[in-house]
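Contents: one structure, followed by commentary.
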Amino acid sequence: MKHFTSVKDVKDMEALLQTAKAVKQSPFADKNLASNKAMCLIFLNPSLRTRLSTQRAAMNLGLDTVVFDMNQGGWNLEFQDGTVMNVDKPEHVKEAAAVIGQYYDIIGIRAFAHLKNRTEDYAELVIKQFQKYAGVPVISLESPVRHPLQSLTDLITIEEHKTVEKPKIVLSWAPHPKALPQAVANSFLEWMIATGQDITLTHPKGYELDDTFTKNVKVTNDQRAAFEGADFIYTKNWSSYQDYGQVLEKGNDWMVSADKMKLTNNAKFMHCLPVRRNVIVADEVIDSEQSIVIQQAANRVVAAQAVLKTILES
Ligand code: CP
């Protein structure tokens, strides 16, 4: 594996899942794998889990890591080609990515959607430009469209907690006061389909996702019907894809409640975090035995370590 920016970068999913299992059992088995190597994690947006879990994963492999909050102390980068750079962006990604690639063996980058221009966001320009110019492996720490480290984590967590061979997995939209990107939802569906899961998507009308991510997914606007018999409820908010970036006046009753969880097959509750309690999910659900959000977050280290180990050994 050269880069890790979507499920398509994974050449052998079974091998990656086996690596994750081995990493979980013996996290320090490869503590010298990356001696004398270093990674730069570039953040254009806030993070708790991605930042800390990826650093911890690197530490377990002997990979030195520097975190660079590019918006605080870095130059404002130009990502478009052919621009006359006479306004507010003093450095082009062509030089910046190439220079960082001279200093580090792996680059991770987080660049969220701006939710203003769908075409621009879905071009994933920041991560693609880094891949083009850095000359070293690039890991997505969440792009405008995908969050593959989260999705691998989610897959590992489902594999660990499933009690039947092919569980019913439901991705349910939930309300949120602010406009959020579609990345986690897109990516979760992409990974579930790529691994042949039984996946149902439920959301209010107006929150349809890009068709690219919903092929072979069962879709319903009836949240209660979707919850019936489910083994996993994964909930996430996203803003409208059609009416791009808008929070529509719909779905305020879509919070995951104990009453709705009673419709399920004693489903496990999942969320990528951070989560707004009593907006996305009721306290009584996230605090219940059915909630595995902390175990899920713990697996962020496992997923990142499996990806880094696979890249380092490639
Ligand atoms: N789930 C996730 O990516 O969390 P952070 O935004 O805190 O990194």
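Every chain in the structure tokens takes a letter, A first, then B, and so on in the order presented; its residues are numbered from 1, and the ligands are numbered from 1 following the presented order.
Taking only C-alpha atoms and all ligand atoms into account, every polymer residue with at least one atom at most 9 Å away from ligand 1 is listed here: Asn45, Pro46, Ser47, Leu48, Arg49, Thr50, Arg51, Leu52, Ser53, Leu141, Glu142, His147, Leu149, Gln150, Val184, His271, Cys272, Leu273, Pro274, Ala297 and Arg300 of chain A.
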Can you write out the residues you just picked, keeping C-alpha atoms, as a CSV table (one decimal), in the first residue's frame?
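What follows is the written file selection-v1.csv:
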```csv
chain,number,residue,atom,x,y,z
A,45,ASN,CA,-8.9,21.5,11.2
A,46,PRO,CA,-9.4,20.5,14.9
A,47,SER,CA,-9.1,16.9,16.1
A,48,LEU,CA,-8.8,14.9,19.3
A,49,ARG,CA,-9.0,11.2,18.2
A,50,THR,CA,-7.3,11.4,14.9
A,51,ARG,CA,-4.4,13.5,16.2
A,52,LEU,CA,-3.8,11.5,19.3
A,53,SER,CA,-4.5,8.0,18.1
A,141,LEU,CA,-6.7,12.2,8.3
A,142,GLU,CA,-10.1,13.1,6.8
A,147,HIS,CA,-12.5,9.5,6.5
A,149,LEU,CA,-9.0,5.8,9.2
A,150,GLN,CA,-12.4,6.1,10.9
A,184,VAL,CA,-17.8,10.0,7.6
A,271,HIS,CA,-20.6,7.0,16.7
A,272,CYS,CA,-17.3,8.3,15.5
A,273,LEU,CA,-17.3,11.1,18.1
A,274,PRO,CA,-17.3,14.0,19.0
A,297,ALA,CA,-12.5,5.2,19.6
A,300,ARG,CA,-8.5,4.3,16.2
```
> Among segment 85-286 of chain A, which ones does DSSP place in strand (DSSP E or B), written as a PyMOL selection string?
Replying inline: chain A and resi 91-92+106-110+138-140+168-173+198-202+218-220+232-236+256+268-270+277+281
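If you look at atom CA of Ser26 of chain A and atom CA of Val307 of chain A, they are 15.3 Å away from each other.
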>> I need the helix (DSSP H, G or I) residues of segment 51-214 of chain A per DSSP on the backbone, written as a PyMOL selection string.
In response: chain A and resi 51-60+93-103+118-122+125-134+148-161+183-194+211-213
Save out the residues we just selected, C-alpha atoms, as an mmCIF file, in the first residue's frame.
```cif
data_model
loop_
_atom_site.group_PDB
_atom_site.id
_atom_site.type_symbol
_atom_site.label_atom_id
_atom_site.label_comp_id
_atom_site.auth_asym_id
_atom_site.auth_seq_id
_atom_site.Cartn_x
_atom_site.Cartn_y
_atom_site.Cartn_z
ATOM 1 C CA ARG A 51 -4.395 13.479 16.172
ATOM 2 C CA LEU A 52 -3.767 11.475 19.339
ATOM 3 C CA SER A 53 -4.488 7.964 18.055
ATOM 4 C CA THR A 54 -2.270 8.366 14.995
ATOM 5 C CA GLN A 55 0.559 9.705 17.172
ATOM 6 C CA ARG A 56 0.124 6.821 19.599
ATOM 7 C CA ALA A 57 0.086 4.297 16.730
ATOM 8 C CA ALA A 58 3.307 5.796 15.358
ATOM 9 C CA MET A 59 4.900 5.687 18.804
ATOM 10 C CA ASN A 60 4.150 1.948 19.014
ATOM 11 C CA VAL A 93 1.451 23.400 -2.412
ATOM 12 C CA LYS A 94 3.922 22.361 -5.169
ATOM 13 C CA GLU A 95 6.816 23.635 -3.077
ATOM 14 C CA ALA A 96 5.301 23.094 0.395
ATOM 15 C CA ALA A 97 4.407 19.407 -0.171
ATOM 16 C CA ALA A 98 7.713 18.705 -1.919
ATOM 17 C CA VAL A 99 9.676 20.287 0.947
ATOM 18 C CA ILE A 100 7.749 18.425 3.671
ATOM 19 C CA GLY A 101 8.368 15.235 1.661
ATOM 20 C CA GLN A 102 12.103 15.921 1.916
ATOM 21 C CA TYR A 103 11.894 16.000 5.712
ATOM 22 C CA ARG A 118 -19.526 21.019 -3.827
ATOM 23 C CA THR A 119 -17.408 20.576 -6.940
ATOM 24 C CA GLU A 120 -14.368 22.046 -5.206
ATOM 25 C CA ASP A 121 -14.860 20.014 -2.025
ATOM 26 C CA TYR A 122 -15.456 16.741 -3.881
ATOM 27 C CA LEU A 125 -7.733 18.992 -3.975
ATOM 28 C CA VAL A 126 -5.646 19.343 -0.816
ATOM 29 C CA ILE A 127 -4.960 15.643 -0.347
ATOM 30 C CA LYS A 128 -4.567 15.022 -4.100
ATOM 31 C CA GLN A 129 -2.041 17.835 -4.431
ATOM 32 C CA PHE A 130 -0.047 16.457 -1.494
ATOM 33 C CA GLN A 131 -0.088 13.000 -3.123
ATOM 34 C CA LYS A 132 1.086 14.529 -6.372
ATOM 35 C CA TYR A 133 3.927 16.643 -5.022
ATOM 36 C CA ALA A 134 5.152 15.167 -1.706
ATOM 37 C CA PRO A 148 -10.822 6.156 5.863
ATOM 38 C CA LEU A 149 -9.002 5.778 9.203
ATOM 39 C CA GLN A 150 -12.388 6.143 10.900
ATOM 40 C CA SER A 151 -14.013 3.656 8.514
ATOM 41 C CA LEU A 152 -11.319 1.026 9.022
ATOM 42 C CA THR A 153 -11.792 1.537 12.776
ATOM 43 C CA ASP A 154 -15.533 1.040 12.356
ATOM 44 C CA LEU A 155 -15.029 -2.159 10.379
ATOM 45 C CA ILE A 156 -12.610 -3.555 12.981
ATOM 46 C CA THR A 157 -15.097 -2.665 15.765
ATOM 47 C CA ILE A 158 -18.015 -4.331 13.974
ATOM 48 C CA GLU A 159 -15.929 -7.471 13.351
ATOM 49 C CA GLU A 160 -15.071 -7.600 17.073
ATOM 50 C CA HIS A 161 -18.607 -7.098 18.364
ATOM 51 C CA ALA A 183 -17.212 12.479 4.795
ATOM 52 C CA VAL A 184 -17.801 10.011 7.648
ATOM 53 C CA ALA A 185 -21.087 8.778 6.162
ATOM 54 C CA ASN A 186 -19.697 8.472 2.599
ATOM 55 C CA SER A 187 -16.641 6.628 3.802
ATOM 56 C CA PHE A 188 -18.541 4.291 6.148
ATOM 57 C CA LEU A 189 -20.817 3.214 3.270
ATOM 58 C CA GLU A 190 -17.838 2.808 0.933
ATOM 59 C CA TRP A 191 -16.103 0.455 3.385
ATOM 60 C CA MET A 192 -19.273 -1.482 4.241
ATOM 61 C CA ILE A 193 -20.032 -2.125 0.570
ATOM 62 C CA ALA A 194 -16.422 -3.004 -0.260
ATOM 63 C CA ASP A 211 -24.915 8.270 -5.576
ATOM 64 C CA THR A 212 -21.294 7.084 -5.745
ATOM 65 C CA PHE A 213 -21.585 5.982 -2.121
#
```
Dump as CSV the rows for residues of segment 91-189 of chain A within 10 Å of segment 259-268 of chain A: closest atom pair and distance in Å with one decimal, only C-alpha atoms counted, ordered by chain and rising residue number.
```
residue,atom,partner,partner_atom,distance
A:Ile158,CA,A:Lys268,CA,9.0
A:His161,CA,A:Lys268,CA,8.1
A:Lys162,CA,A:Lys268,CA,8.9
A:Pro167,CA,A:Ala267,CA,9.6
A:Lys168,CA,A:Asn265,CA,9.0
A:Ile169,CA,A:Ala267,CA,8.9
A:Val170,CA,A:Ala267,CA,9.6
```
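Atom CA of Lys24 of chain A is positioned 17.1 Å from atom CA of Val293 of chain A.
Take the candidates A:Val7, A:Leu17, A:Ala306, A:Ala38 and check each one against Ser140 of chain A using only C-alpha atoms; the shortest distance goes to A:Val7.
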> segment 241-252 of chain A: which residues within 9 Å, counting only C-alpha atoms, same-chain residues fewer than 4 positions away excluded, as a ChimeraX atom specification?
Replying inline: /A:114-118,173-182,203-210,279
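Proximity ranking of A:Gln296, A:Leu63, A:Ser257, A:Ala304 relative to Glu284 of chain A places A:Ser257 first, based on only C-alpha atoms.
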>> Applying 8 Å and only C-alpha atoms, which residues near Glu91 of chain A remain after dropping the ones on its own chain fewer than 6 positions away? List them as a ChimeraX atom specification.
In response: /A:75-78
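Residue nearest Arg276 of chain A within the list A:Thr195, A:Asn237, A:Asn32, A:Ser288: A:Asn237 [criterion: smallest interatomic distance, only C-alpha atoms].
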> Interatomic distance between atom CA of Ser314 of chain A and atom CA of Val301 of chain A?
Replying inline: 19.8 Å
> Nearest to Asn36 of chain A: which of A:Leu61, A:Leu16, A:Leu201, A:Ile139 is it, counting only C-alpha atoms?
Replying inline: A:Leu61
